[in-house]
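Enquirer: First the structure, which I've put down as structure tokens, then a few questions once you've had a look.
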Protein chains: 4
Amino acid sequence: MRHVIFGESHGPAIGVVLEGVPAGLELDWDFISREMARRAPGKDPTATARREADVPRVLSGVFEGRATGTPLCAVIENTDTRSGDYARTKDLARPGHADYTGHVRYGGFNDYRGGGHFSGRLTAPLVFAGAVAKLILRRQGVLVGAHIKEIAGIRDAGDWTAGPVEGETLAALADKPFPVLDDGAGEAMRQAILTARSEKDSVGGKIECAVLGLPAGLGAPDYGYNVEGVFARQLFAVPGVKSVSFGIGEGFAALRGSQANDPMYMDGDTVRTRTNHTGGVNGGITSGMPVVCSVTMRPTPSIGLPQETVDMAAGADATLVVQGRHDPCIVPRAVPVIEAAAALAACQILGI
Amino acid sequence: MRHVIFGESHGPAIGVVLEGVPAGLELDWDFISREMARRAPGKDPTATARREADVPRVLSGVFEGRATGTPLCAVIENTDTRSGDYARTKDLARPGHADYTGHVRYGGFNDYRGGGHFSGRLTAPLVFAGAVAKLILRRQGVLVGAHIKEIAGIRDAGDWTAGPVEGETLAALADKPFPVLDDGAGEAMRQAILTARSEKDSVGGKIECAVLGLPAGLGAPDYGYNVEGVFARQLFAVPGVKSVSFGIGEGFAALRGSQANDPMYMDGDTVRTRTNHTGGVNGGITSGMPVVCSVTMRPTPSIGLPQETVDMAAGADATLVVQGRHDPCIVPRAVPVIEAAAALAACQILGI
Amino acid sequence: MRHVIFGESHGPAIGVVLEGVPAGLELDWDFISREMARRAPGKDPTATARREADVPRVLSGVFEGRATGTPLCAVIENTDTRSGDYARTKDLARPGHADYTGHVRYGGFNDYRGGGHFSGRLTAPLVFAGAVAKLILRRQGVLVGAHIKEIAGIRDAGDWTAGPVEGETLAALADKPFPVLDDGAGEAMRQAILTARSEKDSVGGKIECAVLGLPAGLGAPDYGYNVEGVFARQLFAVPGVKSVSFGIGEGFAALRGSQANDPMYMDGDTVRTRTNHTGGVNGGITSGMPVVCSVTMRPTPSIGLPQETVDMAAGADATLVVQGRHDPCIVPRAVPVIEAAAALAACQILGI
Amino acid sequence: MRHVIFGESHGPAIGVVLEGVPAGLELDWDFISREMARRAPGKDPTATARREADVPRVLSGVFEGRATGTPLCAVIENTDTRSGDYARTKDLARPGHADYTGHVRYGGFNDYRGGGHFSGRLTAPLVFAGAVAKLILRRQGVLVGAHIKEIAGIRDAGDWTAGPVEGETLAALADKPFPVLDDGAGEAMRQAILTARSEKDSVGGKIECAVLGLPAGLGAPDYGYNVEGVFARQLFAVPGVKSVSFGIGEGFAALRGSQANDPMYMDGDTVRTRTNHTGGVNGGITSGMPVVCSVTMRPTPSIGLPQETVDMAAGADATLVVQGRHDPCIVPRAVPVIEAAAALAACQILGI
């Protein structure tokens, strides 16, 4: 299954084309709508005030409620756009954002309004694609879920590399507006976000994602086929992701082999490991334990505080105070986005 | 440029085929040999005792000392192999290694001797490929270098995200047998490695890599084209890499936007940033600042201490004491390997 | 540049996503509309009676009239659909059509109405993509044009492999409703089509296409890169194409080397060949002469005469008399479609 | 399964790397050697006098006689090379050959000796790859075979589009040194070849190839997936192929739909067609009938007669009389090469 996402924040519409959806897949719209709602703006006081229906319209690839197997295109019309907010600061590159790099890359022809193709809004069709992927995976007994692991230095409880992860845990997280394992930690994170917003600032964080039910033996060590690489390629395509790790990830750097290695044992006929430090992948191949990956997301670059920047038209230094509506922290809304990317990666390594 | 690496640790030979090498490229054998030597086993007391000449023989794609532009195949014969060491424990999966996952993936037909295709020895042709990539990049003023950032919890000095990185720094590192910025820290790391070895254990670490001279505007935000994804795909193909990050990477999680954003300014006609927290990439596109990426490498899985494992033939629990020659820490020898992966990624985003 | 075409004949809409359109390209809508009109149904008495506006709506990738460089999605709504015509014979596979193969491929979940994704209507977004490709090529001095080479055994005059082809010739053909070099031959072809239609039958034919202005030295001999393979891959994706050849193509089988080889000479500083039997490609690489390719298109499978077939639901033999609107010959309307495929191929070998 | 072929005619060695060979595949060396022998030079008086053992040496990917599933590299050393023959005419481009196009493509750095990477000798590793592909296909009941359809205008008997093709027919052809269905026609072809050689000239021809046993429902109509495109991409990578067609191919141009369509009927539970004009593919998807494709191969460009050409170094017109050893007709030796390309394509559409 391949996907291509198109659209700009303030253009006519955004959307996605999915090639290779298995014919006959039932498009469960309750599920898809729920996934879209998890990412939708305006659901939590910590998020941006922009509100959109975000109901994808399927143009092709579905007949009588099921996938035809031919390319599936879904579009979301852009309705609530206030371009004026952005035109005022069109030439002032927002530090940490793609204004300058996009300007160079596209020779100044990119649609700058609202970040254009770089807008976080483009993650809506990604969540749609991920919802389709999850429906495919569900038929094979594969589940994908994630939690906020850290925001503003505040860490969630729980350790998904200490052993197996339960499907119920993932299901419960999907129902939470602020998906953490420890609601106390979650409340502290929310306060940190609100504080940052009140100070016209933003905060970053981490998301941890688990894929349950993948059989052992998928992937390969080679370039282009190894499981970590396949996941990373999808995960780094999510705006704001600056780090991707598996299992205990950076934690490996301070451990000895005797601490890091996951002891193996037979559970009946099945080979398991007591811990899952490696995150379900050894030598680029799945071990049968959950695939556990983590991403770090940068703080929202668009902040209300004055920033040192450049005027791209004038070629001169400038000071920028960003106006407009922005999430002070993209991590909560990014949880279903990271799940979507992981679900697409899981389909890839399953050869779907 | 595409590459495919082939070979098994104890088979007749290992090697690589490179497609798309620019015609006319001079194969600078002094440089290539130096790169191969940097990775070669046996160069430092902390490394494995296996010694091989590791001289690649070019079978194709080079004529009168220059690349023809057609596929370039280089092979390295395997000469110093002691298969006996491994046959004894063939059915006992080494925890943390790909013995079990490879067994499942390849239905038991993989060459288990010395790790087969999963062996760290396969990084020799990768370094060769990277050396060719570096020669290509050198013609365009692009330099690649790396240092050991951390081993066994001991961190190197220096901060490559605080501002620009100098080419001289990279050149000096390439000449060091133990490439750190702070030799005092390096000596502490070496002691930690030797201590771990004396205790039949191993240690992990981190490598930080910089690519200098890439122009702004390379890459794209989209899946498959974004710079982080292109680099990550190459880096995760290096055995033992469990985390890939850009700029300050996981450090973003605890920062505010006002701290994380890199202030921009005009340096003459050039847009620069005062810090380089983002690692030279915004929105999946290069900014013109150095691309700085870090990887975390797990401790060598093969350790002499007894480990809980399974007998894959018997389907029973077992205890394993690994024999044979193994680096107690792969990080020092992995430095040129990570550089090679980064050099191949840099070629990709340059469209070579 | 990559493209993916989506849609079904009687679904909500059809369309295409183009990745990699050069930023800044001016979308010349006069030109695009003209190209769309060349393929549109209902323009000639020999064609189907179905009439559609076929005006593509651009959803993304264009800002202020120019390509942004990010994915460009264009959709064409389906308006004039008479599904009833098809439902009656839904289970009777039309011989020569994809009814049966599509049914097996997609497990019966394909949208059977009007041929669904297999409909010739899907060539409309292909022509749009080709028009964009032609605009790109035009900036580089590359022209694409085609003529009907043969219909129902009646051959057009002219020999594009005897020497160079003029740009004026291509321009004149693009203005013709029935693009032949010899209008007398064209009139005979049209009569043959009308005769076939009056006899409830259909006819096949050939189209010859030339790409002018490609420099020498593009492509490579290797799998995946050779010019003939790149063109063939695009051309065989056009419904109804059963043969692709270059230069004199099948004519090589009866010639001697001394007749077939194109004599070479210097035209000032430029190497040229007196004839162009090879169609501008040697060893998978362009020679600087026009790339000349020909395709053979099968007769429209949907005919009004009774045909021996199977009932896919009943698993029984059956007789079919196809109703509905069908071109008795798809060749005339396929001319801009073949040009579109060739234009996309030309972009590929130019590295666009 | 992917393959990359490397090497130059007069370099150290030629070879191929195969990725994705199914683990456990038994490398049947009797079969592989037989395939190599079918293509080997010097087996027939009509062929070149160059003799090489052409025994591939496997460097990787095989352990204890079976494929490991990791990349398989096989090399063939070049031993019988007479570079002197070529150096004399290094700057004189042979018309119809890639001397000029390769010179431009590779900036003059290509290995010109014996055609370098463009040499027909590079088809030896392709035949090896095809032999591996055939071993894979054999396990799935898929057979590949071919016959010379035409040489110098003389046509073989038999019509593989009139109905099914028998496996015995293919097996018998594989045993023939000059694989035709009608030995009388074959003898006339051989005489035509010898006559052309005696007149210092060469002749072209056609090869028809059948793939038996592919189930219905493979492939897709879309670009990159359609069966004709997948086959064409492999077939056009064979040097000298200038036309690829399916079923009756160019014959469709002169037929009516009522003649061209293959009548369908139930053969027990199986859908079959009485004729196979379409060559086993409808809408880019297999029908379950044999996939029948034909290629046209140009006459050997290297002929002993004087030819008008250019001196690439001097930039001046020149006359060329080619020396050295060349097949006056490459068609007979190309039969197993075309089969190899078709076998690789069949693996691709089977998802191997």
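Chain identifiers are assigned as A, B, and so on, following the order in which chains appear in the structure tokens; residues are numbered from 1 within each chain, and ligands are numbered from 1 in order of appearance.
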Applying 10 Å and only C-alpha atoms, which residues near Ala196 of chain A remain after dropping the ones on its own chain fewer than 3 positions away? List them as a list in words.
Expert: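 Counting only C-alpha atoms, the residues come to Ala152, Arg190, Gln191, Ala192, Ile193, Glu199, Lys200, Asp201, Ser202, Val203, Ile303, Pro328 and Cys329 of chain A; Arg256 and Gly257 of chain B.
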Enquirer: I'm after chain D in the frame of chain A: fit it by least squares over all Cα atoms matched in order, and give me the output as a compact mmCIF listing (two decimals) with C-alpha atoms, in the first residue's frame.
Expert:
# COMPACT_ATOMS: atom_id res chain seq x y z
CA MET D 1 0.00 -0.01 -0.01
CA ARG D 2 1.36 3.39 -0.99
CA HIS D 3 -0.03 6.78 -0.16
CA VAL D 4 0.45 10.31 -1.35
CA ILE D 5 -0.87 13.29 0.57
CA PHE D 6 -1.75 16.50 -1.19
CA GLY D 7 -3.06 19.92 -0.34
CA GLU D 8 -2.30 23.25 1.24
CA SER D 9 -3.72 24.73 4.41
CA HIS D 10 -5.64 27.46 2.61
CA GLY D 11 -6.13 25.87 -0.81
CA PRO D 12 -9.40 24.35 -2.02
CA ALA D 13 -8.92 20.96 -0.36
CA ILE D 14 -6.48 18.50 1.13
CA GLY D 15 -6.53 14.76 0.72
CA VAL D 16 -4.80 11.49 0.12
CA VAL D 17 -4.65 8.75 -2.48
CA LEU D 18 -4.11 5.21 -1.24
CA GLU D 19 -2.94 2.59 -3.72
CA GLY D 20 -3.20 -1.08 -2.91
CA VAL D 21 -6.01 -1.12 -0.37
CA PRO D 22 -7.10 -4.78 -0.20
CA ALA D 23 -10.30 -5.27 -2.22
CA GLY D 24 -13.30 -6.01 -0.06
CA LEU D 25 -12.11 -4.10 2.99
CA GLU D 26 -15.16 -2.69 4.73
CA LEU D 27 -14.79 1.04 5.29
CA ASP D 28 -15.98 1.29 8.90
CA TRP D 29 -17.02 4.92 8.99
CA ASP D 30 -17.71 4.96 12.71
CA PHE D 31 -14.13 3.99 13.27
CA ILE D 32 -12.75 6.37 10.65
CA SER D 33 -14.75 9.28 12.04
CA ARG D 34 -13.55 8.50 15.53
CA GLU D 35 -9.96 8.56 14.37
CA MET D 36 -10.50 11.84 12.54
CA ALA D 37 -12.11 13.29 15.66
CA ARG D 38 -9.13 12.33 17.81
CA ARG D 39 -6.91 14.59 15.70
CA ALA D 40 -9.44 17.31 14.98
CA PRO D 41 -8.68 20.82 16.19
CA GLY D 42 -10.72 22.38 18.92
CA LYS D 43 -11.42 19.30 20.98
CA ASP D 44 -9.41 20.39 24.02
CA PRO D 45 -8.83 23.77 25.65
CA THR D 46 -5.09 23.30 25.08
CA ALA D 47 -5.53 23.21 21.31
CA THR D 48 -5.95 25.73 18.48
CA ALA D 49 -9.26 27.51 18.08
CA ARG D 50 -9.59 26.61 14.40
CA ARG D 51 -12.58 24.32 13.91
CA GLU D 52 -13.27 22.26 10.84
CA ALA D 53 -15.61 19.42 10.18
CA ASP D 54 -12.79 17.43 8.61
CA VAL D 55 -15.14 14.92 7.06
CA PRO D 56 -13.30 13.13 4.27
CA ARG D 57 -15.23 12.63 1.04
CA VAL D 58 -14.26 9.48 -0.82
CA LEU D 59 -13.97 10.10 -4.56
CA SER D 60 -12.85 6.66 -5.68
CA GLY D 61 -11.84 3.18 -4.69
CA VAL D 62 -14.93 2.41 -2.62
CA PHE D 63 -18.08 0.77 -3.96
CA GLU D 64 -21.06 -0.26 -1.85
CA GLY D 65 -19.10 0.44 1.33
CA ARG D 66 -16.09 -1.68 0.51
CA ALA D 67 -12.71 -1.02 -1.02
CA THR D 68 -12.58 -1.90 -4.70
CA GLY D 69 -8.82 -2.47 -4.60
CA THR D 70 -8.17 0.37 -7.04
CA PRO D 71 -6.73 3.72 -5.87
CA LEU D 72 -8.78 5.31 -3.10
CA CYS D 73 -8.90 9.08 -3.05
CA ALA D 74 -10.35 10.96 -0.08
CA VAL D 75 -10.56 14.72 0.12
CA ILE D 76 -11.33 17.20 2.87
CA GLU D 77 -12.51 20.61 1.79
CA ASN D 78 -10.94 23.60 3.44
CA THR D 79 -13.67 25.84 4.80
CA ASP D 80 -12.54 27.81 7.85
CA THR D 81 -9.55 29.71 6.57
CA ARG D 82 -8.42 33.17 7.58
CA SER D 83 -5.70 33.93 5.12
CA GLY D 84 -5.45 37.48 6.29
CA ASP D 85 -3.72 36.37 9.44
CA TYR D 86 -0.79 35.14 7.46
CA ALA D 87 -0.45 37.59 4.61
CA ARG D 88 0.70 40.23 7.02
CA THR D 89 3.88 38.34 7.89
CA LYS D 90 4.39 36.54 4.58
CA ASP D 91 8.00 37.56 4.14
CA LEU D 92 9.09 37.07 7.73
CA ALA D 93 10.34 33.51 8.12
CA ARG D 94 9.12 31.91 11.32
CA PRO D 95 12.16 30.39 13.06
CA GLY D 96 11.87 26.64 13.46
CA HIS D 97 9.23 26.50 10.73
CA ALA D 98 9.67 25.66 7.05
CA ASP D 99 8.99 29.18 5.83
CA TYR D 100 12.57 29.76 4.79
CA THR D 101 13.49 26.24 3.70
CA GLY D 102 10.24 25.92 1.74
CA HIS D 103 10.84 29.29 0.14
CA VAL D 104 14.25 28.16 -1.10
CA ARG D 105 13.08 24.68 -2.07
CA TYR D 106 10.16 25.92 -4.14
CA GLY D 107 11.72 29.08 -5.44
CA GLY D 108 9.19 31.26 -3.66
CA PHE D 109 6.26 29.64 -5.44
CA ASN D 110 4.99 27.70 -2.44
CA ASP D 111 1.63 28.65 -0.99
CA TYR D 112 2.74 30.46 2.16
CA ARG D 113 -0.75 30.90 3.60
CA GLY D 114 -1.05 29.01 6.86
CA GLY D 115 2.13 27.12 6.15
CA GLY D 116 0.69 25.76 2.92
CA HIS D 117 1.69 22.18 2.33
CA PHE D 118 3.76 22.26 5.54
CA SER D 119 0.72 22.90 7.69
CA GLY D 120 -0.10 20.51 10.48
CA ARG D 121 -3.52 20.40 8.84
CA LEU D 122 -2.01 17.97 6.30
CA THR D 123 -1.94 15.39 9.06
CA ALA D 124 -5.73 15.03 8.71
CA PRO D 125 -5.50 12.97 5.49
CA LEU D 126 -2.64 11.06 7.10
CA VAL D 127 -4.95 10.09 9.95
CA PHE D 128 -7.52 9.00 7.37
CA ALA D 129 -4.90 6.84 5.66
CA GLY D 130 -3.89 5.47 9.03
CA ALA D 131 -7.50 4.63 9.86
CA VAL D 132 -7.74 2.58 6.67
CA ALA D 133 -4.45 0.91 7.57
CA LYS D 134 -5.77 0.10 11.04
CA LEU D 135 -8.88 -1.49 9.55
CA ILE D 136 -6.64 -3.70 7.43
CA LEU D 137 -4.44 -4.56 10.40
CA ARG D 138 -7.44 -5.29 12.63
CA ARG D 139 -8.41 -8.13 10.29
CA GLN D 140 -5.01 -9.64 10.95
CA GLY D 141 -5.16 -9.17 14.68
CA VAL D 142 -2.71 -6.28 14.71
CA LEU D 143 -3.39 -3.33 17.00
CA VAL D 144 -1.76 0.09 17.08
CA GLY D 145 -1.89 2.52 19.97
CA ALA D 146 0.10 5.28 21.58
CA HIS D 147 0.39 7.48 24.61
CA ILE D 148 1.96 10.79 25.43
CA LYS D 149 5.28 9.82 27.00
CA GLU D 150 6.47 13.23 27.98
CA ILE D 151 5.53 16.88 27.66
CA ALA D 152 7.61 19.79 28.87
CA GLY D 153 9.86 17.39 30.76
CA ILE D 154 6.94 15.79 32.63
CA ARG D 155 6.93 12.04 32.02
CA ASP D 156 4.01 9.68 31.85
CA ALA D 157 4.15 6.54 34.03
CA GLY D 158 4.39 3.04 32.59
CA ASP D 159 7.16 1.26 30.71
CA TRP D 160 6.23 -0.46 27.47
CA THR D 161 9.67 -2.01 27.15
CA ALA D 162 9.49 -3.86 30.46
CA GLY D 163 7.37 -6.61 28.93
CA PRO D 164 4.26 -7.16 26.84
CA VAL D 165 1.66 -4.42 26.24
CA GLU D 166 -2.02 -5.26 26.47
CA GLY D 167 -4.58 -4.50 23.77
CA GLU D 168 -6.95 -3.17 26.44
CA THR D 169 -4.38 -0.55 27.36
CA LEU D 170 -4.32 0.70 23.78
CA ALA D 171 -8.12 0.69 23.53
CA ALA D 172 -8.46 2.71 26.73
CA LEU D 173 -5.92 5.26 25.50
CA ALA D 174 -7.81 5.73 22.22
CA ASP D 175 -10.86 6.85 24.21
CA LYS D 176 -9.02 9.50 26.19
CA PRO D 177 -9.03 13.11 25.03
CA PHE D 178 -5.55 13.42 26.57
CA PRO D 179 -4.03 9.98 26.10
CA VAL D 180 -1.69 9.23 28.99
CA LEU D 181 -1.33 6.15 31.14
CA ASP D 182 -1.19 8.23 34.34
CA ASP D 183 -3.88 10.89 34.44
CA GLY D 184 -2.06 12.70 37.19
CA ALA D 185 0.94 13.15 34.98
CA GLY D 186 -1.42 14.12 32.18
CA GLU D 187 -2.94 16.87 34.28
CA ALA D 188 0.52 18.24 35.04
CA MET D 189 1.30 18.21 31.33
CA ARG D 190 -1.88 20.08 30.53
CA GLN D 191 -1.03 22.72 33.09
CA ALA D 192 2.42 23.08 31.57
CA ILE D 193 0.85 23.58 28.16
CA LEU D 194 -1.59 26.19 29.43
CA THR D 195 1.19 27.97 31.26
CA ALA D 196 3.32 28.05 28.13
CA ARG D 197 0.38 29.41 26.15
CA SER D 198 -0.29 32.09 28.69
CA GLU D 199 3.35 33.07 28.32
CA LYS D 200 2.98 33.10 24.51
CA ASP D 201 5.31 30.14 24.31
CA SER D 202 5.05 26.46 23.40
CA VAL D 203 6.34 23.09 24.62
CA GLY D 204 7.56 19.84 23.05
CA GLY D 205 7.24 16.25 24.07
CA LYS D 206 7.42 12.57 23.24
CA ILE D 207 4.97 9.96 22.07
CA GLU D 208 5.42 6.23 22.51
CA CYS D 209 3.63 3.89 20.13
CA ALA D 210 3.11 0.13 20.25
CA VAL D 211 2.11 -2.25 17.48
CA LEU D 212 0.77 -5.52 18.86
CA GLY D 213 0.26 -8.78 17.02
CA LEU D 214 2.92 -8.59 14.33
CA PRO D 215 4.32 -12.07 13.84
CA ALA D 216 8.03 -12.78 14.19
CA GLY D 217 10.09 -12.82 11.00
CA LEU D 218 8.95 -9.68 9.15
CA GLY D 219 11.45 -7.30 7.59
CA ALA D 220 15.08 -7.86 6.69
CA PRO D 221 18.45 -6.44 7.73
CA ASP D 222 19.04 -4.76 4.39
CA TYR D 223 18.65 -1.13 3.48
CA GLY D 224 15.07 -0.38 2.53
CA TYR D 225 13.62 -3.42 4.23
CA ASN D 226 14.61 -3.24 7.88
CA VAL D 227 11.72 -2.65 10.23
CA GLU D 228 13.24 0.33 12.00
CA GLY D 229 13.95 2.03 8.70
CA VAL D 230 10.44 1.41 7.39
CA PHE D 231 8.89 2.83 10.54
CA ALA D 232 11.32 5.76 10.70
CA ARG D 233 10.59 6.75 7.14
CA GLN D 234 6.89 7.03 7.95
CA LEU D 235 7.41 8.67 11.34
CA PHE D 236 9.84 11.34 10.16
CA ALA D 237 7.27 12.35 7.53
CA VAL D 238 5.11 13.64 10.39
CA PRO D 239 5.76 17.35 10.82
CA GLY D 240 7.67 18.18 14.00
CA VAL D 241 9.24 14.76 14.61
CA LYS D 242 12.95 15.15 15.35
CA SER D 243 13.86 11.78 16.86
CA VAL D 244 12.75 8.20 16.33
CA SER D 245 13.84 5.36 18.57
CA PHE D 246 12.95 1.75 19.24
CA GLY D 247 12.56 0.05 22.58
CA ILE D 248 14.62 1.86 25.16
CA GLY D 249 16.24 3.79 22.31
CA GLU D 250 18.75 6.31 23.63
CA GLY D 251 18.72 4.40 26.90
CA PHE D 252 20.94 1.77 25.28
CA ALA D 253 23.87 4.20 25.38
CA ALA D 254 24.29 3.94 29.14
CA LEU D 255 23.62 0.21 29.53
CA ARG D 256 25.76 -2.86 29.42
CA GLY D 257 24.92 -5.78 27.17
CA SER D 258 24.00 -7.89 30.17
CA GLN D 259 21.41 -5.28 31.13
CA ALA D 260 20.22 -4.46 27.64
CA ASN D 261 19.76 -7.93 26.16
CA ASP D 262 16.24 -9.29 26.50
CA PRO D 263 16.33 -12.75 28.14
CA MET D 264 14.56 -15.31 25.96
CA TYR D 265 12.34 -18.17 27.05
CA MET D 266 9.76 -20.59 25.70
CA ASP D 267 6.15 -19.76 26.43
CA GLY D 268 4.69 -23.05 25.28
CA ASP D 269 5.70 -23.23 21.64
CA THR D 270 6.35 -19.54 21.37
CA VAL D 271 9.66 -17.79 21.84
CA ARG D 272 9.28 -14.70 23.98
CA THR D 273 11.55 -12.31 25.80
CA ARG D 274 11.10 -11.31 29.44
CA THR D 275 11.83 -7.66 28.69
CA ASN D 276 11.36 -5.86 25.40
CA HIS D 277 14.20 -3.35 25.52
CA THR D 278 14.82 -3.88 21.84
CA GLY D 279 11.27 -2.82 20.95
CA GLY D 280 10.32 -5.97 19.11
CA VAL D 281 12.99 -5.74 16.41
CA ASN D 282 16.34 -7.51 16.16
CA GLY D 283 18.52 -7.29 13.08
CA GLY D 284 15.79 -5.31 11.34
CA ILE D 285 13.32 -8.20 11.76
CA THR D 286 10.34 -8.48 14.07
CA SER D 287 10.71 -10.74 17.09
CA GLY D 288 7.01 -11.32 17.76
CA MET D 289 7.09 -9.00 20.77
CA PRO D 290 5.32 -5.63 20.40
CA VAL D 291 7.06 -3.17 18.14
CA VAL D 292 7.59 -0.19 20.43
CA CYS D 293 8.80 3.08 19.00
CA SER D 294 9.09 6.58 20.38
CA VAL D 295 9.24 9.94 18.73
CA THR D 296 10.27 13.33 20.00
CA MET D 297 8.31 16.29 18.73
CA ARG D 298 9.67 19.78 18.81
CA PRO D 299 7.75 22.60 20.51
CA THR D 300 5.39 24.40 18.14
CA PRO D 301 7.64 26.86 16.31
CA SER D 302 4.88 29.49 16.04
CA ILE D 303 4.96 31.42 19.29
CA GLY D 304 3.70 34.83 20.29
CA LEU D 305 6.99 36.00 21.79
CA PRO D 306 9.18 38.28 19.68
CA GLN D 307 11.77 36.37 17.69
CA GLU D 308 14.87 37.27 15.78
CA THR D 309 14.36 36.42 12.12
CA VAL D 310 14.88 37.57 8.54
CA ASP D 311 12.71 39.29 5.99
CA MET D 312 13.07 37.03 2.96
CA ALA D 313 11.95 39.70 0.50
CA ALA D 314 14.17 42.42 1.87
CA GLY D 315 17.10 40.18 2.76
CA ALA D 316 17.32 41.92 6.09
CA ASP D 317 17.15 41.06 9.76
CA ALA D 318 13.76 41.50 11.36
CA THR D 319 11.75 40.80 14.47
CA LEU D 320 8.71 38.59 14.30
CA VAL D 321 5.69 38.32 16.57
CA VAL D 322 3.56 35.48 15.25
CA GLN D 323 -0.18 36.09 15.18
CA GLY D 324 -2.88 33.58 14.35
CA ARG D 325 -4.11 30.40 15.99
CA HIS D 326 -1.57 27.78 16.98
CA ASP D 327 -1.48 24.85 19.34
CA PRO D 328 0.95 25.65 22.14
CA CYS D 329 1.81 21.93 22.04
CA ILE D 330 1.18 19.64 19.10
CA VAL D 331 1.91 16.46 21.02
CA PRO D 332 -1.64 15.61 22.20
CA ARG D 333 -3.18 15.96 18.74
CA ALA D 334 -0.19 14.19 17.20
CA VAL D 335 -0.91 10.94 19.04
CA PRO D 336 -3.32 9.59 16.39
CA VAL D 337 -1.00 10.94 13.70
CA ILE D 338 1.92 8.92 15.02
CA GLU D 339 -0.37 5.90 15.26
CA ALA D 340 -1.34 6.46 11.62
CA ALA D 341 2.28 6.57 10.49
CA ALA D 342 3.01 3.42 12.50
CA ALA D 343 -0.03 1.67 11.06
CA LEU D 344 1.10 2.47 7.53
CA ALA D 345 4.57 1.16 8.37
CA ALA D 346 3.08 -2.02 9.82
CA CYS D 347 1.16 -2.59 6.59
CA GLN D 348 4.38 -2.15 4.65
CA ILE D 349 6.32 -4.72 6.61
CA LEU D 350 3.40 -7.11 6.32
CA GLY D 351 3.71 -6.73 2.55
CA ILE D 352 0.31 -5.04 2.19
Enquirer: Looking only at strand (DSSP E) from DSSP on the backbone, list the matching residues of segment 64-224 of chain A as a ChimeraX atom specification.
Expert: /A:66-67,72-77,143-151,154-155,205-212
Enquirer: What parts of segment 51-250 of chain B does DSSP call helix (DSSP H, G or I)? I'd like the answer as a ChimeraX atom specification.
Expert: /B:84-87,99-105,113-118,120-139,167-174,183-198,227-235,249-250
